[in-house]
file run-v8.pdb (PDB, C-alpha atoms and all ligand atoms)
MODEL        1
ATOM      1  CA  MET A1123      15.951 -27.022  21.307
ATOM      2  CA  ASP A1124      14.790 -28.895  24.379
ATOM      3  CA  VAL A1125      11.123 -29.896  24.151
ATOM      4  CA  PHE A1126      10.277 -28.181  27.435
ATOM      5  CA  ASP A1127      12.022 -24.989  26.272
ATOM      6  CA  ALA A1128       9.831 -25.032  23.169
ATOM      7  CA  ILE A1129       6.740 -25.581  25.315
ATOM      8  CA  GLN A1130       7.662 -22.615  27.498
ATOM      9  CA  ALA A1131       8.595 -20.368  24.577
ATOM     10  CA  ARG A1132       5.477 -21.153  22.537
ATOM     11  CA  ARG A1133       3.008 -18.305  22.119
ATOM     12  CA  GLU A1134       0.373 -17.380  19.614
ATOM     13  CA  ILE A1135       2.044 -15.177  17.006
ATOM     14  CA  THR A1136      -0.359 -13.256  14.780
ATOM     15  CA  ALA A1137       1.990 -10.802  13.043
ATOM     16  CA  TYR A1138       4.560 -11.970  10.523
ATOM     17  CA  THR A1139       7.364 -10.484   8.475
ATOM     18  CA  GLU A1140       7.328 -10.824   4.699
ATOM     19  CA  GLN A1141      10.193 -13.313   4.802
ATOM     20  CA  GLU A1142       9.336 -16.451   2.905
ATOM     21  CA  ILE A1143       9.491 -19.744   4.745
ATOM     22  CA  GLU A1144      12.217 -21.964   3.314
ATOM     23  CA  ARG A1145      10.917 -25.265   1.902
ATOM     24  CA  ASP A1146      12.953 -27.480   4.265
ATOM     25  CA  VAL A1147      11.854 -25.446   7.286
ATOM     26  CA  LEU A1148       8.206 -25.720   6.308
ATOM     27  CA  GLU A1149       8.464 -29.446   5.640
ATOM     28  CA  LYS A1150       9.985 -30.002   9.086
ATOM     29  CA  VAL A1151       7.007 -28.289  10.676
ATOM     30  CA  VAL A1152       4.651 -30.374   8.543
ATOM     31  CA  ASP A1153       6.484 -33.576   9.549
ATOM     32  CA  ALA A1154       5.877 -32.763  13.212
ATOM     33  CA  GLY A1155       2.169 -33.109  12.429
ATOM     34  CA  VAL A1156       2.719 -36.248  10.372
ATOM     35  CA  PHE A1157       4.657 -37.946  13.195
ATOM     36  CA  ALA A1158       2.109 -37.018  15.871
ATOM     37  CA  PRO A1159       0.420 -40.060  17.408
ATOM     38  CA  THR A1160      -3.131 -41.136  16.589
ATOM     39  CA  GLY A1161      -5.560 -43.310  18.515
ATOM     40  CA  ASN A1162      -5.193 -46.946  17.452
ATOM     41  CA  ASN A1163      -2.532 -45.674  15.041
ATOM     42  CA  LEU A1164      -5.270 -44.997  12.481
ATOM     43  CA  PRO A1165      -4.800 -42.636   9.500
ATOM     44  CA  SER A1166      -7.410 -40.196  10.786
ATOM     45  CA  LYS A1167      -6.010 -36.849   9.685
ATOM     46  CA  ASN A1168      -4.892 -34.829   6.690
ATOM     47  CA  ILE A1169      -2.458 -31.952   6.768
ATOM     48  CA  ILE A1170      -2.952 -29.392   4.015
ATOM     49  CA  VAL A1171      -0.246 -26.820   3.350
ATOM     50  CA  VAL A1172      -1.367 -23.545   1.783
ATOM     51  CA  GLN A1173       1.030 -20.951   0.395
ATOM     52  CA  ASP A1174      -0.970 -19.432  -2.435
ATOM     53  CA  ARG A1175      -1.614 -15.784  -1.509
ATOM     54  CA  LYS A1176      -5.145 -15.724  -2.883
ATOM     55  CA  THR A1177      -6.121 -18.904  -1.061
ATOM     56  CA  LEU A1178      -4.582 -17.639   2.201
ATOM     57  CA  ASP A1179      -6.632 -14.442   1.927
ATOM     58  CA  GLN A1180      -9.793 -16.475   1.398
ATOM     59  CA  LEU A1181      -8.905 -18.801   4.249
ATOM     60  CA  ALA A1182      -8.583 -15.726   6.493
ATOM     61  CA  LYS A1183     -12.336 -15.217   6.044
ATOM     62  CA  THR A1184     -13.263 -18.643   7.452
ATOM     63  CA  THR A1185     -14.053 -17.127  10.851
ATOM     64  CA  PRO A1186     -13.726 -13.588  12.246
ATOM     65  CA  TYR A1187     -10.748 -14.825  14.272
ATOM     66  CA  MET A1188      -8.284 -15.785  11.566
ATOM     67  CA  LYS A1189      -7.566 -12.389  10.041
ATOM     68  CA  TRP A1190      -3.858 -12.867  10.718
ATOM     69  CA  LEU A1191      -3.771 -15.243   7.729
ATOM     70  CA  GLU A1192      -3.865 -12.160   5.480
ATOM     71  CA  GLN A1193      -0.272 -11.526   6.591
ATOM     72  CA  ALA A1194       0.920 -15.093   6.919
ATOM     73  CA  PRO A1195       3.097 -16.576   4.154
ATOM     74  CA  ALA A1196       1.734 -20.044   4.890
ATOM     75  CA  ALA A1197      -1.027 -21.929   6.625
ATOM     76  CA  ILE A1198      -1.472 -25.517   7.654
ATOM     77  CA  VAL A1199      -5.013 -26.836   7.796
ATOM     78  CA  VAL A1200      -5.536 -29.994   9.814
ATOM     79  CA  THR A1201      -8.563 -32.177   9.169
ATOM     80  CA  GLY A1202      -9.943 -35.166  11.024
ATOM     81  CA  LYS A1203     -11.698 -38.247   9.640
ATOM     82  CA  SER A1204     -14.556 -39.274  11.913
ATOM     83  CA  HIS A1205     -15.375 -42.178   9.558
ATOM     84  CA  ILE A1206     -11.916 -43.628  10.243
ATOM     85  CA  SER A1207     -11.462 -43.054  13.953
ATOM     86  CA  LYS A1208     -13.550 -42.136  16.979
ATOM     87  CA  TYR A1209     -10.459 -40.227  18.146
ATOM     88  CA  TRP A1210     -10.299 -37.958  15.090
ATOM     89  CA  LEU A1211     -10.575 -34.761  17.125
ATOM     90  CA  GLN A1212      -7.848 -35.716  19.581
ATOM     91  CA  ASP A1213      -5.630 -36.933  16.723
ATOM     92  CA  ALA A1214      -5.983 -33.703  14.770
ATOM     93  CA  SER A1215      -5.534 -31.593  17.907
ATOM     94  CA  ILE A1216      -2.312 -33.377  18.882
ATOM     95  CA  ALA A1217      -1.014 -32.873  15.340
ATOM     96  CA  CYS A1218      -1.768 -29.147  15.659
ATOM     97  CA  ALA A1219       0.129 -29.000  18.942
ATOM     98  CA  PHE A1220       3.164 -30.753  17.483
ATOM     99  CA  ILE A1221       3.101 -28.392  14.487
ATOM    100  CA  TRP A1222       2.896 -25.380  16.810
ATOM    101  CA  LEU A1223       5.837 -26.606  18.893
ATOM    102  CA  GLU A1224       8.002 -27.437  15.892
ATOM    103  CA  ALA A1225       7.303 -23.942  14.564
ATOM    104  CA  VAL A1226       8.917 -22.624  17.749
ATOM    105  CA  GLU A1227      11.961 -24.833  17.267
ATOM    106  CA  VAL A1228      12.595 -23.587  13.717
ATOM    107  CA  GLY A1229      12.059 -19.931  14.696
ATOM    108  CA  LEU A1230       8.624 -19.501  13.148
ATOM    109  CA  GLY A1231       5.588 -18.019  14.822
ATOM    110  CA  SER A1232       2.227 -19.718  14.612
ATOM    111  CA  ALA A1233      -1.386 -18.834  15.333
ATOM    112  CA  PHE A1234      -4.280 -21.230  15.803
ATOM    113  CA  GLY A1235      -7.590 -20.689  14.053
ATOM    114  CA  ALA A1236     -10.303 -22.994  15.355
ATOM    115  CA  VAL A1237     -12.725 -24.101  12.648
ATOM    116  CA  TYR A1238     -14.611 -27.075  14.084
ATOM    117  CA  ASN A1239     -16.429 -26.545  17.332
ATOM    118  CA  ALA A1240     -18.560 -29.049  19.172
ATOM    119  CA  HIS A1241     -21.005 -26.570  20.697
ATOM    120  CA  ASP A1242     -22.560 -24.911  17.690
ATOM    121  CA  GLU A1243     -23.166 -27.493  15.006
ATOM    122  CA  ARG A1244     -24.600 -25.068  12.447
ATOM    123  CA  GLU A1245     -21.819 -22.533  12.774
ATOM    124  CA  SER A1246     -19.214 -25.289  12.727
ATOM    125  CA  GLU A1247     -20.675 -26.794   9.565
ATOM    126  CA  LYS A1248     -20.793 -23.359   7.907
ATOM    127  CA  ARG A1249     -17.122 -22.734   8.630
ATOM    128  CA  GLU A1250     -16.034 -26.248   7.775
ATOM    129  CA  SER A1251     -17.877 -26.323   4.451
ATOM    130  CA  TYR A1252     -16.312 -22.974   3.513
ATOM    131  CA  VAL A1253     -12.843 -24.484   3.986
ATOM    132  CA  ARG A1254     -13.865 -27.779   2.336
ATOM    133  CA  ASN A1255     -14.911 -25.906  -0.795
ATOM    134  CA  LEU A1256     -11.776 -23.801  -0.828
ATOM    135  CA  LEU A1257      -9.339 -26.703  -0.463
ATOM    136  CA  ASN A1258     -11.267 -29.598  -2.062
ATOM    137  CA  ILE A1259     -11.537 -31.415   1.238
ATOM    138  CA  PRO A1260     -13.797 -34.507   1.148
ATOM    139  CA  GLU A1261     -17.311 -33.919   2.503
ATOM    140  CA  GLU A1262     -16.896 -36.481   5.296
ATOM    141  CA  ASP A1263     -13.748 -34.879   6.766
ATOM    142  CA  HIS A1264     -13.914 -32.387   9.619
ATOM    143  CA  VAL A1265     -11.874 -29.215   9.395
ATOM    144  CA  VAL A1266     -10.373 -28.905  12.846
ATOM    145  CA  ALA A1267      -8.101 -25.873  12.554
ATOM    146  CA  GLY A1268      -6.002 -23.633  10.368
ATOM    147  CA  LEU A1269      -2.613 -22.615  11.687
ATOM    148  CA  GLY A1270      -0.904 -19.499  10.400
ATOM    149  CA  LEU A1271       2.855 -19.622   9.977
ATOM    150  CA  GLY A1272       5.485 -16.979   9.425
ATOM    151  CA  TYR A1273       8.586 -15.379  10.861
ATOM    152  CA  PRO A1274       7.435 -13.353  13.896
ATOM    153  CA  LYS A1275       7.115  -9.605  13.491
ATOM    154  CA  GLU A1276       6.498  -8.905  17.160
ATOM    155  CA  GLU A1277       6.888 -10.480  20.533
ATOM    156  CA  PRO A1278       3.715 -10.990  22.561
ATOM    157  CA  LYS A1279       3.437  -9.466  26.038
ATOM    158  CA  PRO A1280       4.346 -11.823  28.891
ATOM    159  CA  LYS A1281       1.542 -14.215  29.654
ATOM    160  CA  LYS A1282      -0.303 -14.743  32.916
ATOM    161  CA  HIS A1283      -0.945 -18.443  33.329
ATOM    162  CA  THR A1284      -3.848 -19.903  35.260
ATOM    163  CA  PRO A1285      -2.437 -20.584  38.756
ATOM    164  CA  ARG A1286      -0.983 -24.076  38.822
ATOM    165  CA  ASP A1287      -3.045 -25.106  41.863
ATOM    166  CA  GLN A1288      -6.229 -24.446  39.907
ATOM    167  CA  VAL A1289      -5.101 -26.830  37.200
ATOM    168  CA  VAL A1290      -3.097 -29.577  38.834
ATOM    169  CA  PHE A1291      -4.363 -32.050  41.404
ATOM    170  CA  TYR A1292      -2.727 -35.087  42.904
ATOM    171  CA  GLU A1293      -4.593 -38.357  43.340
ATOM    172  CA  SER A1294      -8.054 -36.752  43.259
ATOM    173  CA  VAL A1295      -9.869 -33.481  42.778
ATOM    174  CA  SER A1296     -11.075 -33.725  46.328
ATOM    175  CA  ASN A1297     -12.084 -30.215  47.293
ATOM    176  CA  GLU A1298     -12.024 -26.643  45.983
ATOM    177  CA  LYS A1299      -8.444 -26.190  47.118
ATOM    178  CA  GLY A1300      -7.415 -29.440  45.548
ATOM    179  CA  GLU A1301      -6.165 -30.768  48.872
TER     180      GLU A1301
HETATM  181  C1  LIG A1401      -8.500 -24.859  20.777
HETATM  182  C2  LIG A1401      -7.959 -23.486  20.488
HETATM  183  C3  LIG A1401      -8.702 -22.622  19.702
HETATM  184  C4  LIG A1401      -8.181 -21.365  19.372
HETATM  185  N1  LIG A1401      -8.844 -20.575  18.490
HETATM  186  C5  LIG A1401      -8.297 -19.411  18.090
HETATM  187  C6  LIG A1401      -8.889 -18.643  17.041
HETATM  188  O1  LIG A1401      -9.892 -19.026  16.437
HETATM  189  N2  LIG A1401      -8.284 -17.478  16.692
HETATM  190  C7  LIG A1401      -7.155 -17.034  17.309
HETATM  191  O2  LIG A1401      -6.651 -15.966  16.952
HETATM  192  N3  LIG A1401      -6.563 -17.755  18.298
HETATM  193  C8  LIG A1401      -7.106 -18.920  18.688
HETATM  194  N4  LIG A1401      -6.465 -19.693  19.643
HETATM  195  C9  LIG A1401      -5.257 -19.219  20.304
HETATM  196  C10 LIG A1401      -5.522 -18.852  21.755
HETATM  197  O3  LIG A1401      -6.355 -17.722  21.831
HETATM  198  C11 LIG A1401      -4.180 -18.621  22.452
HETATM  199  O4  LIG A1401      -3.409 -19.800  22.340
HETATM  200  C12 LIG A1401      -4.402 -18.268  23.912
HETATM  201  O5  LIG A1401      -4.926 -16.962  24.011
HETATM  202  C13 LIG A1401      -3.140 -18.339  24.737
HETATM  203  O6  LIG A1401      -2.121 -17.527  24.207
HETATM  204  P1  LIG A1401      -0.684 -18.157  23.857
HETATM  205  O7  LIG A1401      -0.917 -19.120  22.708
HETATM  206  O8  LIG A1401       0.162 -16.994  23.435
HETATM  207  O9  LIG A1401      -0.194 -18.867  25.049
HETATM  208  C14 LIG A1401      -6.956 -20.951  19.931
HETATM  209  C15 LIG A1401      -6.222 -21.834  20.739
HETATM  210  C16 LIG A1401      -6.701 -23.085  20.998
HETATM  211  C17 LIG A1401      -5.875 -24.042  21.822
ENDMDL
END
call {"tool": "encode", "arguments": {"input": "run-v8.pdb", "output": "structure tokens", "more": "lines below"}}
Ligand SMILES: Cc1cc2nc3c(=O)[nH]c(=O)nc-3n(C[C@H](O)[C@H](O)[C@H](O)COP(=O)(O)O)c2cc1C
result
Amino acid sequence: MDVFDAIQARREITAYTEQEIERDVLEKVVDAGVFAPTGNNLPSKNIIVVQDRKTLDQLAKTTPYMKWLEQAPAAIVVTGKSHISKYWLQDASIACAFIWLEAVEVGLGSAFGAVYNAHDERESEKRESYVRNLLNIPEEDHVVAGLGLGYPKEEPKPKKHTPRDQVVFYESVSNEKGE
């Protein structure tokens, strides 16, 4: 699949069939995260694959917005190491994006559950420590996100994108119209 086709086809998929994900398919998705670039090429992330049903059900309770993990046959949790790189959040986020896109290529659906957030330190710490305890993640690592994975059960409704001229500017963001 062409990269741009995958980018255009990618959606958040929150309903999955019971079909198991084949090992080689799952590992390919994981590798997309492994091969994602990092700032200064530092080893600033971990990628944790979860397939145990009980653990997935517990992971679904990390935030009120990850309930879809109760249906998912697998999850990938991506963590970032702020003690290794100042770019840990970007590194982990790019890995998540690569994982999401590779899921499209192999015919899987994926959903993104944000765990870390920069605006509410207390809530972020609460959610992160819940996942740390569940998956034996070192205290100093940030839990950036948990992605659900599974074969899609339904197709999302067509998406309305933010108008391009509200997003893209050339040379400078010079006025409200972007002219
Ligand atoms: C940084 C980020 C955080 C997100 N957090 C959640 C989340 O906690 N739970 C969830 O169900 N979806 C979450 N999403 C998915 C978005 O809601 C979804 O990508 C968005 O509505 C656009 O839909 P699309 O992915 O189908 O294009 C998140 C996506 C991003 C990029």
call {"tool": "residues_near_point", "arguments": {"input": "run-v8.pdb", "point": "(4.1, -23.1, 7.2)", "cutoff": "7 Å", "atoms": "all atoms listed in the file", "output": "number ranges by chain"}}
result
A: 1143, 1148, 1151, 1171, 1196-1198, 1270-1272
call {"tool": "resolve_selection", "arguments": {"input": "run-v8.pdb", "expression": "the PyMOL selection byres (((not hetatm)) within 10 of (chain A and resi 1401))", "output": "ChimeraX atom specification"}}
result
/A:1129-1136,1184-1191,1215,1218-1219,1222,1232-1239,1266-1270,1277-1283
call {"tool": "closest_residue", "arguments": {"input": "run-v8.pdb", "among": "A:Val1228, A:Val1265, A:Leu1178, A:Ala1154", "to": "Leu1211 in chain A", "atoms": "all atoms listed in the file"}}
result
A:Val1265
call {"tool": "atom_distance", "arguments": {"input": "run-v8.pdb", "atom1": "CA of Ser1251 in chain A", "atom2": "CA of Asp1153 in chain A"}}
result
25.9 Å
call {"tool": "atom_distance", "arguments": {"input": "run-v8.pdb", "atom1": "CA of Lys1150 in chain A", "atom2": "CA of Phe1220 in chain A"}}
result
10.8 Å
call {"tool": "closest_residue", "arguments": {"input": "run-v8.pdb", "among": "A:Ala1225, A:Leu1230, A:Val1253, A:Ala1214", "to": "Gly1161 in chain A", "atoms": "only C-alpha atoms"}}
result
A:Ala1214
call {"tool": "closest_residue", "arguments": {"input": "run-v8.pdb", "among": "A:Ala1194, A:Ala1137, A:Ile1206, A:Val1125", "to": "Pro1165 in chain A", "atoms": "only C-alpha atoms"}}
result
A:Ile1206
call {"tool": "decode", "arguments": {"input": "run-v8.pdb", "residues": "range 1206-1254 of chain A", "atoms": "N, CA and C atoms", "output": "PDB file, in the first residue's frame"}}
result
ATOM      1  N   ILE A1206      16.049  10.166  29.200  1.00  0.00           N
ATOM      2  CA  ILE A1206      16.975   9.838  28.103  1.00  0.00           C
ATOM      3  C   ILE A1206      16.965  10.918  27.023  1.00  0.00           C
ATOM      4  N   SER A1207      15.780  11.474  26.764  1.00  0.00           N
ATOM      5  CA  SER A1207      15.712  12.466  25.695  1.00  0.00           C
ATOM      6  C   SER A1207      14.692  13.557  25.994  1.00  0.00           C
ATOM      7  N   LYS A1208      15.066  14.789  25.660  1.00  0.00           N
ATOM      8  CA  LYS A1208      14.114  15.901  25.795  1.00  0.00           C
ATOM      9  C   LYS A1208      13.006  15.795  24.759  1.00  0.00           C
ATOM     10  N   TYR A1209      13.190  14.918  23.774  1.00  0.00           N
ATOM     11  CA  TYR A1209      12.178  14.749  22.716  1.00  0.00           C
ATOM     12  C   TYR A1209      11.306  13.509  22.926  1.00  0.00           C
ATOM     13  N   TRP A1210      11.263  13.018  24.181  1.00  0.00           N
ATOM     14  CA  TRP A1210      10.560  11.762  24.442  1.00  0.00           C
ATOM     15  C   TRP A1210       9.111  11.771  23.963  1.00  0.00           C
ATOM     16  N   LEU A1211       8.439  12.918  24.104  1.00  0.00           N
ATOM     17  CA  LEU A1211       7.018  12.949  23.750  1.00  0.00           C
ATOM     18  C   LEU A1211       6.838  12.891  22.235  1.00  0.00           C
ATOM     19  N   GLN A1212       7.677  13.645  21.526  1.00  0.00           N
ATOM     20  CA  GLN A1212       7.615  13.585  20.059  1.00  0.00           C
ATOM     21  C   GLN A1212       7.978  12.179  19.572  1.00  0.00           C
ATOM     22  N   ASP A1213       9.023  11.603  20.164  1.00  0.00           N
ATOM     23  CA  ASP A1213       9.480  10.270  19.739  1.00  0.00           C
ATOM     24  C   ASP A1213       8.357   9.232  19.901  1.00  0.00           C
ATOM     25  N   ALA A1214       7.745   9.257  21.075  1.00  0.00           N
ATOM     26  CA  ALA A1214       6.679   8.278  21.338  1.00  0.00           C
ATOM     27  C   ALA A1214       5.474   8.540  20.428  1.00  0.00           C
ATOM     28  N   SER A1215       5.187   9.814  20.190  1.00  0.00           N
ATOM     29  CA  SER A1215       4.024  10.155  19.358  1.00  0.00           C
ATOM     30  C   SER A1215       4.235   9.710  17.909  1.00  0.00           C
ATOM     31  N   ILE A1216       5.457   9.916  17.405  1.00  0.00           N
ATOM     32  CA  ILE A1216       5.748   9.477  16.029  1.00  0.00           C
ATOM     33  C   ILE A1216       5.646   7.956  15.943  1.00  0.00           C
ATOM     34  N   ALA A1217       6.128   7.270  16.960  1.00  0.00           N
ATOM     35  CA  ALA A1217       6.013   5.798  16.966  1.00  0.00           C
ATOM     36  C   ALA A1217       4.539   5.385  16.915  1.00  0.00           C
ATOM     37  N   CYS A1218       3.706   6.078  17.673  1.00  0.00           N
ATOM     38  CA  CYS A1218       2.263   5.768  17.662  1.00  0.00           C
ATOM     39  C   CYS A1218       1.686   5.964  16.259  1.00  0.00           C
ATOM     40  N   ALA A1219       2.100   7.045  15.614  1.00  0.00           N
ATOM     41  CA  ALA A1219       1.576   7.326  14.271  1.00  0.00           C
ATOM     42  C   ALA A1219       2.000   6.244  13.283  1.00  0.00           C
ATOM     43  N   PHE A1220       3.254   5.832  13.368  1.00  0.00           N
ATOM     44  CA  PHE A1220       3.736   4.785  12.458  1.00  0.00           C
ATOM     45  C   PHE A1220       2.969   3.474  12.700  1.00  0.00           C
ATOM     46  N   ILE A1221       2.755   3.170  13.976  1.00  0.00           N
ATOM     47  CA  ILE A1221       2.005   1.953  14.340  1.00  0.00           C
ATOM     48  C   ILE A1221       0.592   2.023  13.757  1.00  0.00           C
ATOM     49  N   TRP A1222      -0.029   3.166  13.904  1.00  0.00           N
ATOM     50  CA  TRP A1222      -1.409   3.369  13.417  1.00  0.00           C
ATOM     51  C   TRP A1222      -1.465   3.182  11.897  1.00  0.00           C
ATOM     52  N   LEU A1223      -0.482   3.751  11.204  1.00  0.00           N
ATOM     53  CA  LEU A1223      -0.462   3.635   9.739  1.00  0.00           C
ATOM     54  C   LEU A1223      -0.171   2.208   9.280  1.00  0.00           C
ATOM     55  N   GLU A1224       0.742   1.538   9.955  1.00  0.00           N
ATOM     56  CA  GLU A1224       1.050   0.161   9.568  1.00  0.00           C
ATOM     57  C   GLU A1224      -0.168  -0.737   9.816  1.00  0.00           C
ATOM     58  N   ALA A1225      -0.916  -0.423  10.859  1.00  0.00           N
ATOM     59  CA  ALA A1225      -2.150  -1.184  11.123  1.00  0.00           C
ATOM     60  C   ALA A1225      -3.071  -1.104   9.902  1.00  0.00           C
ATOM     61  N   VAL A1226      -3.144   0.070   9.300  1.00  0.00           N
ATOM     62  CA  VAL A1226      -3.979   0.231   8.099  1.00  0.00           C
ATOM     63  C   VAL A1226      -3.457  -0.671   6.986  1.00  0.00           C
ATOM     64  N   GLU A1227      -2.151  -0.652   6.789  1.00  0.00           N
ATOM     65  CA  GLU A1227      -1.563  -1.441   5.702  1.00  0.00           C
ATOM     66  C   GLU A1227      -1.883  -2.939   5.835  1.00  0.00           C
ATOM     67  N   VAL A1228      -1.839  -3.449   7.058  1.00  0.00           N
ATOM     68  CA  VAL A1228      -2.057  -4.897   7.242  1.00  0.00           C
ATOM     69  C   VAL A1228      -3.533  -5.240   7.450  1.00  0.00           C
ATOM     70  N   GLY A1229      -4.409  -4.233   7.319  1.00  0.00           N
ATOM     71  CA  GLY A1229      -5.857  -4.503   7.386  1.00  0.00           C
ATOM     72  C   GLY A1229      -6.437  -4.484   8.782  1.00  0.00           C
ATOM     73  N   LEU A1230      -5.640  -4.015   9.750  1.00  0.00           N
ATOM     74  CA  LEU A1230      -6.154  -3.910  11.119  1.00  0.00           C
ATOM     75  C   LEU A1230      -6.754  -2.528  11.352  1.00  0.00           C
ATOM     76  N   GLY A1231      -7.605  -2.435  12.360  1.00  0.00           N
ATOM     77  CA  GLY A1231      -8.090  -1.143  12.795  1.00  0.00           C
ATOM     78  C   GLY A1231      -7.392  -0.800  14.097  1.00  0.00           C
ATOM     79  N   SER A1232      -7.225   0.487  14.346  1.00  0.00           N
ATOM     80  CA  SER A1232      -6.561   0.892  15.578  1.00  0.00           C
ATOM     81  C   SER A1232      -7.233   2.114  16.176  1.00  0.00           C
ATOM     82  N   ALA A1233      -7.238   2.159  17.493  1.00  0.00           N
ATOM     83  CA  ALA A1233      -7.755   3.328  18.223  1.00  0.00           C
ATOM     84  C   ALA A1233      -6.650   3.843  19.132  1.00  0.00           C
ATOM     85  N   PHE A1234      -6.713   5.127  19.428  1.00  0.00           N
ATOM     86  CA  PHE A1234      -5.650   5.783  20.193  1.00  0.00           C
ATOM     87  C   PHE A1234      -6.202   6.205  21.545  1.00  0.00           C
ATOM     88  N   GLY A1235      -5.620   5.704  22.599  1.00  0.00           N
ATOM     89  CA  GLY A1235      -6.010   6.122  23.943  1.00  0.00           C
ATOM     90  C   GLY A1235      -4.909   6.955  24.568  1.00  0.00           C
ATOM     91  N   ALA A1236      -5.168   8.245  24.720  1.00  0.00           N
ATOM     92  CA  ALA A1236      -4.147   9.129  25.305  1.00  0.00           C
ATOM     93  C   ALA A1236      -4.065   8.856  26.801  1.00  0.00           C
ATOM     94  N   VAL A1237      -2.855   8.696  27.300  1.00  0.00           N
ATOM     95  CA  VAL A1237      -2.661   8.512  28.744  1.00  0.00           C
ATOM     96  C   VAL A1237      -1.993   9.762  29.308  1.00  0.00           C
ATOM     97  N   TYR A1238      -0.796  10.066  28.856  1.00  0.00           N
ATOM     98  CA  TYR A1238      -0.126  11.292  29.302  1.00  0.00           C
ATOM     99  C   TYR A1238      -0.861  12.506  28.754  1.00  0.00           C
ATOM    100  N   ASN A1239      -1.003  13.530  29.603  1.00  0.00           N
ATOM    101  CA  ASN A1239      -1.374  14.829  29.029  1.00  0.00           C
ATOM    102  C   ASN A1239      -0.653  15.927  29.794  1.00  0.00           C
ATOM    103  N   ALA A1240      -0.264  16.946  29.052  1.00  0.00           N
ATOM    104  CA  ALA A1240       0.609  17.982  29.596  1.00  0.00           C
ATOM    105  C   ALA A1240      -0.152  19.047  30.379  1.00  0.00           C
ATOM    106  N   HIS A1241      -1.478  19.022  30.318  1.00  0.00           N
ATOM    107  CA  HIS A1241      -2.244  20.109  30.933  1.00  0.00           C
ATOM    108  C   HIS A1241      -2.688  19.840  32.355  1.00  0.00           C
ATOM    109  N   ASP A1242      -2.874  18.583  32.678  1.00  0.00           N
ATOM    110  CA  ASP A1242      -3.363  18.238  34.010  1.00  0.00           C
ATOM    111  C   ASP A1242      -2.408  17.213  34.614  1.00  0.00           C
ATOM    112  N   GLU A1243      -1.429  17.740  35.327  1.00  0.00           N
ATOM    113  CA  GLU A1243      -0.342  16.905  35.835  1.00  0.00           C
ATOM    114  C   GLU A1243      -0.847  15.804  36.760  1.00  0.00           C
ATOM    115  N   ARG A1244      -1.794  16.171  37.632  1.00  0.00           N
ATOM    116  CA  ARG A1244      -2.292  15.182  38.612  1.00  0.00           C
ATOM    117  C   ARG A1244      -3.037  14.040  37.952  1.00  0.00           C
ATOM    118  N   GLU A1245      -3.915  14.412  37.012  1.00  0.00           N
ATOM    119  CA  GLU A1245      -4.694  13.406  36.301  1.00  0.00           C
ATOM    120  C   GLU A1245      -3.768  12.529  35.449  1.00  0.00           C
ATOM    121  N   SER A1246      -2.799  13.172  34.820  1.00  0.00           N
ATOM    122  CA  SER A1246      -1.850  12.435  33.987  1.00  0.00           C
ATOM    123  C   SER A1246      -1.090  11.420  34.839  1.00  0.00           C
ATOM    124  N   GLU A1247      -0.606  11.866  35.981  1.00  0.00           N
ATOM    125  CA  GLU A1247       0.165  10.989  36.859  1.00  0.00           C
ATOM    126  C   GLU A1247      -0.703   9.818  37.353  1.00  0.00           C
ATOM    127  N   LYS A1248      -1.961  10.114  37.642  1.00  0.00           N
ATOM    128  CA  LYS A1248      -2.881   9.064  38.113  1.00  0.00           C
ATOM    129  C   LYS A1248      -3.031   7.967  37.042  1.00  0.00           C
ATOM    130  N   ARG A1249      -3.250   8.423  35.817  1.00  0.00           N
ATOM    131  CA  ARG A1249      -3.444   7.473  34.716  1.00  0.00           C
ATOM    132  C   ARG A1249      -2.154   6.720  34.394  1.00  0.00           C
ATOM    133  N   GLU A1250      -1.063   7.478  34.384  1.00  0.00           N
ATOM    134  CA  GLU A1250       0.221   6.844  34.056  1.00  0.00           C
ATOM    135  C   GLU A1250       0.619   5.823  35.112  1.00  0.00           C
ATOM    136  N   SER A1251       0.422   6.154  36.384  1.00  0.00           N
ATOM    137  CA  SER A1251       0.847   5.209  37.430  1.00  0.00           C
ATOM    138  C   SER A1251      -0.029   3.957  37.421  1.00  0.00           C
ATOM    139  N   TYR A1252      -1.292   4.115  37.023  1.00  0.00           N
ATOM    140  CA  TYR A1252      -2.168   2.939  36.886  1.00  0.00           C
ATOM    141  C   TYR A1252      -1.584   1.970  35.849  1.00  0.00           C
ATOM    142  N   VAL A1253      -1.155   2.520  34.717  1.00  0.00           N
ATOM    143  CA  VAL A1253      -0.602   1.666  33.651  1.00  0.00           C
ATOM    144  C   VAL A1253       0.783   1.136  34.056  1.00  0.00           C
ATOM    145  N   ARG A1254       1.569   1.987  34.725  1.00  0.00           N
ATOM    146  CA  ARG A1254       2.895   1.534  35.195  1.00  0.00           C
ATOM    147  C   ARG A1254       2.755   0.305  36.077  1.00  0.00           C
TER     148      ARG A1254
END
